[in-house]
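Reviewing the structure listed below.
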Amino acid sequence: MNDNDLLSRPPALPPSDTLPLDQYAERAYLSYAMSVVRARALPQVEDGLKPVQRRILYAMNEMRLTMAARHVKSARVVGDVIGKYHPHGDSSVYDAMVRVAQDFSLRYPLVDGQGNFGSRDGDSAAAMRYTECRLTPIAELLLAEIDRGTVDFIPNYDGAFKEPSLLPARLPFVLLNGASGIAVGMATEIPPHNLIEVAAAASHLIRHPDATLDDILSLLPGPDFPGGGQLISPPSVIRDAYTSGRGSLRLRARWHIEELARGQWRVIIDELPHGVSTAQVLAEIEAITNPQPRAGKKEVGQEQKALKQLVLGVLDTVRDESSDKAPVRIVLEPRSSRQGRDEFMAVLLAHTHLETSVSVNCTMIGRDGRPQQKGLLQILAEWVDFRYHTVQRRSRFRLDEVERRIHILDGRMIAFLRIEEVIRVIRESDEPKPALIAAFGLSEIQAEDILEIRLRQLARLEGFRIEKELAELRAERDSLRRLLDDRAAQTRLILKEIDADAKKYGDARRTLIETVAPVAPAEISVPDEPVTVIVSKNGWVRSRQGHGIDPASIAYKVGDFAFAAIETRSIWPLLIVDTHGRAYTIKVSELPGGRGDGVPVSTLIDFQDGGKLAQVVAADPESLWLFANSGGYGFICKLDDATGRQRAGKAFMTLESAETVLAPARVHGQWIAAASSAGRMLVFPQAEMKVQAGGRGVILMALDDDERLAAVAVPADDAPLVIEGIGRGNKPATITLSPGKREELRHRRARRGVQLAPKIRPERMG
């Protein structure tokens, strides 16, 4: 179900007394979903606010809590908001107020908080009875024109008050402060930007409506986060994110080297990536240098031990020296001043959130009232359209005011010039208003005004004031009419206002944009030597140095036996595929060695959803392998594409119910052999196979309903193919097919193949 489905289907329930349960549940859920999307989670493209934020700012504006006013208790504001506009709990309103007051959460805070409004280390704000608030100066850009007819007002939740449906934003706040929220079936994560750059981009688009994204990016090169940091993603990645409205950007902390006496040095972290706190970085370093057993494990894993050794090999001390003067100051002292400074930081960047990714998901409510993921050009274009609309409404509102005032003053001028007649008509009439209207051709409004004015307003000097005011108002009326009729004049006015706002509220960019290659996790140096990986049927794994180990010399636990003994290299990965088709990667160098029993493979990886060991591969990462399942499907994959870094593995092979993973076959030649459980064999060209990084693949061999694929192989073109299985009398049997004998078995992929003779039920091929 997409966003349009949510909006096009009627959420209201029919008036009938009965309704099928499935229809009721569907409509009720759609109603709830749209309520969350529209009324809670997503911002509007026009003002960049969610409803609760808009209501907070409007309530504070109505309470006259501008920058010139003194701070008032936050509880007073929260009470006013929930009592008049937002029918939800006080904590939700206060949490929203706290966020728009935090200078480390918003690039341009809208509420000026006094007291404890939380910290970047995750400390929560004090209770609303202790904190105080008022609006910041920049909030004027959202509220200054609220009473000028610029936006529509709608009834509040009980109809007792009116609230604005939007705020007349003079700049695109959806880009300035960004937004974060989770709705039903959609979410938003809009990064903040620099005001001067956003204003320049908006002005350029107004002057050049056909501007391209590259034109805009030359003025607005990327996000500008409140905490600074460094954006290291290449321009192509940033452009892709702004094109579609979705992507991921790489952020890095900023630091400097502090030189000490006698050649010593230390690193000072000055700025952290957005959303990362000092406490988080310190906790990560503590977890690495003092590891604890993972959940459900009794001992610290080999990977944790290796990482501890790596970090302690370069880091001696870490301290937090943050203060009021330096909001972020993390001191990192190296173990030796002779080690490379770049290598020192590379280790910490790779294993902590000193370098991290920030997602971009520009989903918002558009001008058409529909939620949509928007690119940068579309966001700016919709705001520009809104700004033209706002200026036009503001001008019409002022024109109506001017014309009403001119109408009143025209009546007063008549009364001033013919004051004796006016007094006589009023004195002689029982109903003076109709008499004035009839005698002087006045309107009801003019007659009512004349009857309400004081005698002092009929003094001689008042006539000069009326004439002066009328002249000024008529000139303003003509100017407003020209403005409303001239699109170019509107453009000049909007550009002038944007430029003035940018000069008044703009500031320097905080986030440095400089393309740097992301740091790869630093590795412990491992010698390249031959090893044999030994895996038992019960899932115990170990390694032995060298190749050519006698299988008889390998001992197993009581009740356990051999599953695989693979000759590989210490620098190559060990790939494990579980019974669900999920792939896990273990470094061969981290396997326990010697003649012991090894360790359960489950201590090195985290099997998901009850998965168990199915197949193992250890080989050159660049080698090609054929992966297949008993349902007859398979694909060719480079081993490196199947590996990953997560202990929980990654989705790899797509299996249907009751299907099993067959032993992978290394690709040696140009012909693939597939054998079924019914003893049929098919040989077809490797070129007909699909090379992919995972999934279900293509059909290798056509199977009957009660038949399954038993084994696959890709032998060298000049090597024999050995088939092992069960022959007559359920006795082990072996068939060897030379390259010449395989000719009669060759056909195209996905055929049924030929019955083997002598008859055999294949189990393995190689």
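Every chain in the structure tokens has a letter given in the order shown (A, B, ...), and although residue numbers restart at 1 in each chain, ligands are simply numbered from 1 in the order shown.
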
Which residues are close to A:Arg148, i.e. within 7 Å by only C-alpha atoms, leaving aside same-chain residues fewer than 3 positions away? Reply as a list of chain:residue names.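 These residues fall inside the cut-off: A:Glu145, A:Arg394, A:Phe397.
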
I need the residues from that last selection saved to file as an mmCIF file, in the first residue's frame (with C-alpha atoms), if you can.
data_model
loop_
_atom_site.group_PDB
_atom_site.id
_atom_site.type_symbol
_atom_site.label_atom_id
_atom_site.label_comp_id
_atom_site.auth_asym_id
_atom_site.auth_seq_id
_atom_site.Cartn_x
_atom_site.Cartn_y
_atom_site.Cartn_z
ATOM 1 C CA GLU A 145 2.714 37.888 9.227
ATOM 2 C CA ARG A 394 -0.817 39.685 2.593
ATOM 3 C CA PHE A 397 -5.419 41.872 3.113
#

I want to know what sits within 10 Å of A:Leu737, based on only C-alpha atoms, with residues of the same chain fewer than 6 positions away left out; could you give that as a PDB file with N, CA and C atoms, in the first residue's frame?
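Okay, selection07.pdb is ready:
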ATOM      1  N   ALA A 719      39.182 -32.572 -16.449  1.00  0.00           N
ATOM      2  CA  ALA A 719      39.265 -33.428 -15.263  1.00  0.00           C
ATOM      3  C   ALA A 719      38.054 -34.350 -15.194  1.00  0.00           C
ATOM      4  N   PRO A 720      38.208 -35.537 -14.615  1.00  0.00           N
ATOM      5  CA  PRO A 720      37.064 -36.440 -14.464  1.00  0.00           C
ATOM      6  C   PRO A 720      36.093 -35.912 -13.410  1.00  0.00           C
ATOM      7  N   LEU A 721      34.848 -36.348 -13.519  1.00  0.00           N
ATOM      8  CA  LEU A 721      33.815 -35.990 -12.550  1.00  0.00           C
ATOM      9  C   LEU A 721      33.465 -37.233 -11.745  1.00  0.00           C
ATOM     10  N   VAL A 722      33.614 -37.150 -10.425  1.00  0.00           N
ATOM     11  CA  VAL A 722      33.345 -38.284  -9.542  1.00  0.00           C
ATOM     12  C   VAL A 722      32.005 -38.066  -8.849  1.00  0.00           C
ATOM     13  N   ILE A 723      31.128 -39.083  -8.986  1.00  0.00           N
ATOM     14  CA  ILE A 723      29.805 -39.024  -8.369  1.00  0.00           C
ATOM     15  C   ILE A 723      29.741 -40.100  -7.302  1.00  0.00           C
ATOM     16  N   GLU A 743      29.851 -35.961 -22.592  1.00  0.00           N
ATOM     17  CA  GLU A 743      29.277 -35.380 -23.795  1.00  0.00           C
ATOM     18  C   GLU A 743      27.804 -35.736 -23.949  1.00  0.00           C
TER      19      GLU A 743
END

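For the residues A:His256, A:His193, A:His88, A:Lys690, ranking by smallest atom-to-atom distance to A:Gly227 using only C-alpha atoms places A:His193 first.
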
What's the separation between atom CA of A:Ala673 and atom CA of A:Val661, in Å to one decimal place? 16.4 Å

Give the answer as one residue: which of A:Asp597, A:Asp240, A:Asp706, A:Asp528 has the shortest atom-to-atom distance to A:Asp560, using only C-alpha atoms?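 Among A:Asp597, A:Asp240, A:Asp706, A:Asp528, it is A:Asp597 that comes nearest to A:Asp560.
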
Shell around A:Ala125 at 10 Å using only C-alpha atoms, local window under 6 positions removed, as a PyMOL selection string: chain A and resi 94-95+98-99+102+115-119+131

Name the residues in contact with A:Asp449 at a cut-off of 12 Å, using only C-alpha atoms, excluding same-chain residues fewer than 2 positions from it; report them as a short mmCIF file (atom, residue, chain, number, x, y, z; two decimals) with N, CA and C atoms, in the first residue's frame.
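Output saved as selection-v6.cif:
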data_model
loop_
_atom_site.label_atom_id
_atom_site.label_comp_id
_atom_site.auth_asym_id
_atom_site.auth_seq_id
_atom_site.Cartn_x
_atom_site.Cartn_y
_atom_site.Cartn_z
N ARG A 404 -10.92 50.15 3.13
CA ARG A 404 -11.90 50.42 4.20
C ARG A 404 -11.59 51.74 4.89
N ARG A 405 -10.31 52.00 5.12
CA ARG A 405 -9.94 53.24 5.77
C ARG A 405 -10.21 54.45 4.87
N HIS A 407 -12.52 54.62 2.64
CA HIS A 407 -13.98 54.77 2.64
C HIS A 407 -14.42 55.55 3.89
N ILE A 408 -13.88 55.24 5.04
CA ILE A 408 -14.22 55.94 6.29
C ILE A 408 -13.81 57.41 6.20
N LEU A 409 -12.58 57.65 5.71
CA LEU A 409 -12.09 59.03 5.65
C LEU A 409 -12.84 59.87 4.63
N ASP A 410 -13.30 59.23 3.54
CA ASP A 410 -14.14 59.97 2.59
C ASP A 410 -15.40 60.48 3.26
N GLY A 411 -16.01 59.66 4.10
CA GLY A 411 -17.19 60.08 4.85
C GLY A 411 -16.88 61.19 5.82
N ARG A 412 -15.75 61.09 6.51
CA ARG A 412 -15.38 62.13 7.47
C ARG A 412 -15.10 63.46 6.76
N MET A 413 -14.51 63.37 5.57
CA MET A 413 -14.24 64.60 4.84
C MET A 413 -15.54 65.30 4.44
N ILE A 414 -16.54 64.50 4.05
CA ILE A 414 -17.85 65.09 3.75
C ILE A 414 -18.42 65.78 4.99
N ALA A 415 -18.32 65.11 6.12
CA ALA A 415 -18.83 65.70 7.36
C ALA A 415 -18.05 66.95 7.74
N LYS A 433 -29.13 58.13 11.47
CA LYS A 433 -28.34 57.37 10.49
C LYS A 433 -29.01 57.33 9.12
N LEU A 436 -28.77 60.82 7.54
CA LEU A 436 -27.45 61.15 7.01
C LEU A 436 -27.20 60.44 5.68
N ILE A 437 -27.59 59.16 5.61
CA ILE A 437 -27.40 58.39 4.37
C ILE A 437 -28.17 59.04 3.23
N LEU A 442 -24.22 58.79 1.94
CA LEU A 442 -23.22 58.01 2.68
C LEU A 442 -23.63 56.54 2.74
N SER A 443 -22.65 55.71 3.04
CA SER A 443 -22.94 54.30 3.32
C SER A 443 -23.24 54.14 4.80
N GLU A 444 -23.75 52.99 5.19
CA GLU A 444 -24.04 52.75 6.61
C GLU A 444 -22.78 52.86 7.45
N ILE A 445 -21.67 52.34 6.92
CA ILE A 445 -20.41 52.38 7.67
C ILE A 445 -19.98 53.83 7.88
N GLN A 446 -20.08 54.65 6.84
CA GLN A 446 -19.68 56.06 6.96
C GLN A 446 -20.60 56.81 7.91
N ALA A 447 -21.91 56.55 7.81
CA ALA A 447 -22.86 57.23 8.70
C ALA A 447 -22.62 56.85 10.14
N LEU A 451 -21.46 59.39 13.30
CA LEU A 451 -22.21 59.49 14.55
C LEU A 451 -21.34 59.16 15.76
N GLU A 452 -20.26 58.38 15.55
CA GLU A 452 -19.43 57.96 16.68
C GLU A 452 -18.27 58.91 16.95
N ILE A 453 -17.91 59.78 16.01
CA ILE A 453 -16.73 60.62 16.21
C ILE A 453 -17.01 61.68 17.27
N ARG A 454 -15.90 62.13 17.92
CA ARG A 454 -16.00 63.16 18.94
C ARG A 454 -15.95 64.54 18.28
N GLN A 457 -12.73 66.00 16.91
CA GLN A 457 -12.24 65.53 15.62
C GLN A 457 -12.79 66.38 14.46
#

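Atom pair atom CA of A:Ala68 / atom CA of A:Ala326: separated by 28.9 Å.
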
Exercise: A:Lys308 partners within 12 Å, only C-alpha atoms, chain neighbours under 5 positions left out, as a list in words: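 The contact residues come out as Glu284, Ile285, Glu286, Ala287, Ile288, Thr289, Asn290, Pro291, Gln292, Val300, Gly301, Gln302, Glu303, Gly313, Val314, Leu315, Val347, Leu348, His351, Glu523 and Ile524 of chain A.
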
Neighbour list for A:Ala687 as a VMD selection string, cut-off 10 Å, only C-alpha atoms, skip fewer than 4 positions in-chain: chain A and resid 670 to 672 691 749

With a distance cut-off of 12 Å and only C-alpha atoms, select the neighbouring residues of stretch 368-372 of chain A, excluding the residue or stretch itself and same-chain residues fewer than 3 positions from it, and output the selection as a compact mmCIF listing (two decimals) with C-alpha atoms, in the first residue's frame.
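around.txt, written as the output of this step:
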# COMPACT_ATOMS: atom_id res chain seq x y z
CA ASN A 2 1.50 3.36 -1.00
CA ASP A 3 0.88 6.92 0.19
CA ASN A 4 -1.69 7.59 -2.51
CA ASP A 5 -3.71 4.57 -1.41
CA LEU A 6 -3.86 5.96 2.12
CA LEU A 7 -5.10 9.29 0.85
CA SER A 8 -7.54 8.09 -1.80
CA ALA A 33 -2.64 5.92 9.91
CA MET A 34 -3.75 9.16 8.27
CA VAL A 36 -0.55 9.98 12.51
CA VAL A 37 0.74 11.07 9.10
CA ARG A 38 -1.11 14.40 8.99
CA ALA A 39 -1.44 15.38 12.65
CA ALA A 41 4.75 12.79 12.45
CA LEU A 42 5.41 14.66 9.19
CA PRO A 43 6.23 18.35 8.70
CA GLN A 44 4.63 20.63 6.11
CA VAL A 45 6.78 21.76 3.21
CA GLU A 46 5.51 25.34 3.68
CA SER A 165 -3.38 25.62 9.46
CA LEU A 166 0.12 26.86 8.56
CA ALA A 183 4.56 7.79 10.88
CA VAL A 184 2.64 4.67 9.88
CA GLY A 185 4.32 3.11 6.86
CA MET A 186 6.66 6.07 6.35
CA ALA A 187 9.25 8.13 8.19
CA THR A 188 11.17 11.37 7.74
CA SER A 244 15.65 11.57 -4.86
CA GLY A 245 15.21 12.92 -1.33
CA ARG A 246 16.71 9.77 0.13
CA ASN A 361 14.71 10.89 3.99
CA CYS A 362 12.92 14.04 2.86
CA THR A 363 9.35 12.85 3.34
CA MET A 364 6.85 15.64 4.12
CA ILE A 365 3.34 16.89 3.49
CA GLY A 375 14.07 16.15 -3.83
CA GLN A 378 10.90 20.17 -5.49
CA ILE A 379 11.09 21.34 -1.87
CA GLU A 382 6.93 24.31 -3.50
CA ASP A 385 5.05 28.88 -4.72
CA PHE A 386 3.85 29.17 -1.11

Have a look at atom CA of A:Tyr556 and atom CA of A:Gly593 and let me know their distance in Å, one decimal.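 Atom-to-atom, atom CA of A:Tyr556 and atom CA of A:Gly593 are spaced 14.1 Å apart.
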
Which of stretch 90-273 of chain A counts as helix (DSSP H, G or I) under DSSP, as a ChimeraX atom specification please? /A:90-101,137-143,173-176,195-207,213-217,235-244,261-263

Print the selection's residues with N, CA and C atoms to a file, as a compact mmCIF listing (two decimals), in the first residue's frame.
# COMPACT_ATOMS: atom_id res chain seq x y z
N ASP A 90 0.38 16.38 28.38
CA ASP A 90 1.30 17.50 28.57
C ASP A 90 2.75 17.11 28.28
N SER A 91 3.10 15.85 28.51
CA SER A 91 4.49 15.44 28.28
C SER A 91 4.85 15.50 26.80
N SER A 92 3.92 15.14 25.92
CA SER A 92 4.20 15.20 24.49
C SER A 92 4.42 16.64 24.04
N VAL A 93 3.65 17.57 24.58
CA VAL A 93 3.81 18.98 24.23
C VAL A 93 5.13 19.51 24.79
N TYR A 94 5.43 19.18 26.03
CA TYR A 94 6.67 19.69 26.63
C TYR A 94 7.90 19.11 25.94
N ASP A 95 7.85 17.83 25.57
CA ASP A 95 8.97 17.23 24.85
C ASP A 95 9.20 17.94 23.52
N ALA A 96 8.12 18.28 22.83
CA ALA A 96 8.25 19.00 21.56
C ALA A 96 8.83 20.40 21.79
N MET A 97 8.42 21.05 22.87
CA MET A 97 8.96 22.37 23.19
C MET A 97 10.45 22.28 23.52
N VAL A 98 10.82 21.25 24.27
CA VAL A 98 12.23 21.08 24.63
C VAL A 98 13.09 20.93 23.37
N ARG A 99 12.60 20.14 22.42
CA ARG A 99 13.40 19.91 21.20
C ARG A 99 13.63 21.21 20.43
N VAL A 100 12.59 22.03 20.27
CA VAL A 100 12.76 23.26 19.49
C VAL A 100 13.52 24.33 20.27
N ALA A 101 13.87 24.03 21.53
CA ALA A 101 14.67 24.97 22.33
C ALA A 101 16.13 24.54 22.43
N PRO A 137 14.37 35.35 18.50
CA PRO A 137 14.14 36.36 17.44
C PRO A 137 13.82 35.74 16.08
N ILE A 138 14.44 34.60 15.76
CA ILE A 138 14.23 34.03 14.43
C ILE A 138 12.82 33.47 14.26
N ALA A 139 12.12 33.23 15.38
CA ALA A 139 10.73 32.78 15.29
C ALA A 139 9.85 33.82 14.61
N GLU A 140 10.34 35.06 14.57
CA GLU A 140 9.59 36.12 13.88
C GLU A 140 9.40 35.79 12.40
N LEU A 141 10.35 35.05 11.82
CA LEU A 141 10.22 34.67 10.41
C LEU A 141 9.05 33.74 10.18
N LEU A 142 8.58 33.10 11.22
CA LEU A 142 7.42 32.21 11.10
C LEU A 142 6.12 32.91 11.49
N LEU A 143 6.19 33.90 12.39
CA LEU A 143 4.98 34.43 13.02
C LEU A 143 4.68 35.88 12.68
N PHE A 173 11.78 26.77 6.34
CA PHE A 173 12.26 26.19 7.59
C PHE A 173 12.34 24.67 7.53
N VAL A 174 11.68 24.05 6.58
CA VAL A 174 11.79 22.60 6.45
C VAL A 174 13.23 22.21 6.11
N LEU A 175 13.97 23.12 5.48
CA LEU A 175 15.38 22.89 5.21
C LEU A 175 16.27 23.47 6.30
N LEU A 176 15.88 24.58 6.89
CA LEU A 176 16.72 25.24 7.89
C LEU A 176 16.92 24.35 9.11
N LEU A 195 21.24 28.98 6.87
CA LEU A 195 20.23 29.95 6.46
C LEU A 195 20.69 30.78 5.26
N ILE A 196 21.93 31.23 5.27
CA ILE A 196 22.41 32.06 4.16
C ILE A 196 22.41 31.27 2.86
N GLU A 197 22.83 30.00 2.93
CA GLU A 197 22.87 29.17 1.73
C GLU A 197 21.46 28.84 1.23
N VAL A 198 20.55 28.55 2.15
CA VAL A 198 19.16 28.26 1.75
C VAL A 198 18.53 29.50 1.12
N ALA A 199 18.77 30.66 1.72
CA ALA A 199 18.22 31.89 1.16
C ALA A 199 18.77 32.15 -0.24
N ALA A 200 20.06 31.91 -0.42
CA ALA A 200 20.67 32.11 -1.74
C ALA A 200 20.08 31.14 -2.77
N ALA A 201 19.87 29.89 -2.36
CA ALA A 201 19.30 28.90 -3.27
C ALA A 201 17.87 29.26 -3.65
N ALA A 202 17.07 29.69 -2.65
CA ALA A 202 15.69 30.08 -2.94
C ALA A 202 15.65 31.30 -3.87
N SER A 203 16.51 32.27 -3.62
CA SER A 203 16.56 33.46 -4.47
C SER A 203 16.94 33.09 -5.90
N HIS A 204 17.90 32.19 -6.03
CA HIS A 204 18.33 31.78 -7.38
C HIS A 204 17.20 31.08 -8.12
N LEU A 205 16.45 30.24 -7.42
CA LEU A 205 15.34 29.54 -8.08
C LEU A 205 14.23 30.51 -8.46
N ILE A 206 14.03 31.55 -7.66
CA ILE A 206 13.02 32.56 -8.00
C ILE A 206 13.45 33.33 -9.25
N ARG A 207 14.72 33.68 -9.33
CA ARG A 207 15.22 34.41 -10.50
C ARG A 207 15.28 33.52 -11.74
N LEU A 213 19.50 21.16 -10.58
CA LEU A 213 19.96 20.79 -9.24
C LEU A 213 21.42 21.17 -9.05
N ASP A 214 22.23 21.04 -10.09
CA ASP A 214 23.64 21.42 -9.97
C ASP A 214 23.78 22.91 -9.71
N ASP A 215 22.90 23.72 -10.29
CA ASP A 215 22.92 25.16 -10.01
C ASP A 215 22.64 25.42 -8.53
N ILE A 216 21.66 24.72 -8.00
CA ILE A 216 21.29 24.92 -6.59
C ILE A 216 22.40 24.41 -5.67
N LEU A 217 23.00 23.26 -6.02
CA LEU A 217 24.05 22.70 -5.16
C LEU A 217 25.31 23.56 -5.15
N PRO A 235 30.76 14.45 -3.56
CA PRO A 235 29.66 15.25 -4.13
C PRO A 235 28.61 14.41 -4.87
N SER A 236 29.03 13.33 -5.50
CA SER A 236 28.08 12.49 -6.23
C SER A 236 27.06 11.85 -5.29
N VAL A 237 27.51 11.45 -4.10
CA VAL A 237 26.60 10.85 -3.11
C VAL A 237 25.63 11.91 -2.59
N ILE A 238 26.14 13.11 -2.31
CA ILE A 238 25.29 14.20 -1.83
C ILE A 238 24.26 14.55 -2.90
N ARG A 239 24.71 14.61 -4.16
CA ARG A 239 23.79 14.94 -5.24
C ARG A 239 22.70 13.89 -5.38
N ASP A 240 23.06 12.62 -5.28
CA ASP A 240 22.06 11.55 -5.39
C ASP A 240 21.01 11.67 -4.28
N ALA A 241 21.46 12.01 -3.07
CA ALA A 241 20.52 12.15 -1.95
C ALA A 241 19.56 13.31 -2.19
N TYR A 242 20.05 14.41 -2.74
CA TYR A 242 19.19 15.56 -3.00
C TYR A 242 18.32 15.37 -4.24
N THR A 243 18.74 14.49 -5.13
CA THR A 243 17.93 14.23 -6.32
C THR A 243 16.65 13.48 -5.97
N SER A 244 16.80 12.41 -5.19
CA SER A 244 15.65 11.57 -4.86
C SER A 244 15.00 11.93 -3.53
N ALA A 261 55.38 18.86 25.34
CA ALA A 261 56.83 18.92 25.52
C ALA A 261 57.48 17.60 25.12
N ARG A 262 58.77 17.68 24.74
CA ARG A 262 59.61 16.52 24.42
C ARG A 262 59.00 15.63 23.34
N GLY A 263 58.38 16.27 22.36
CA GLY A 263 57.89 15.52 21.22
C GLY A 263 56.59 14.78 21.44
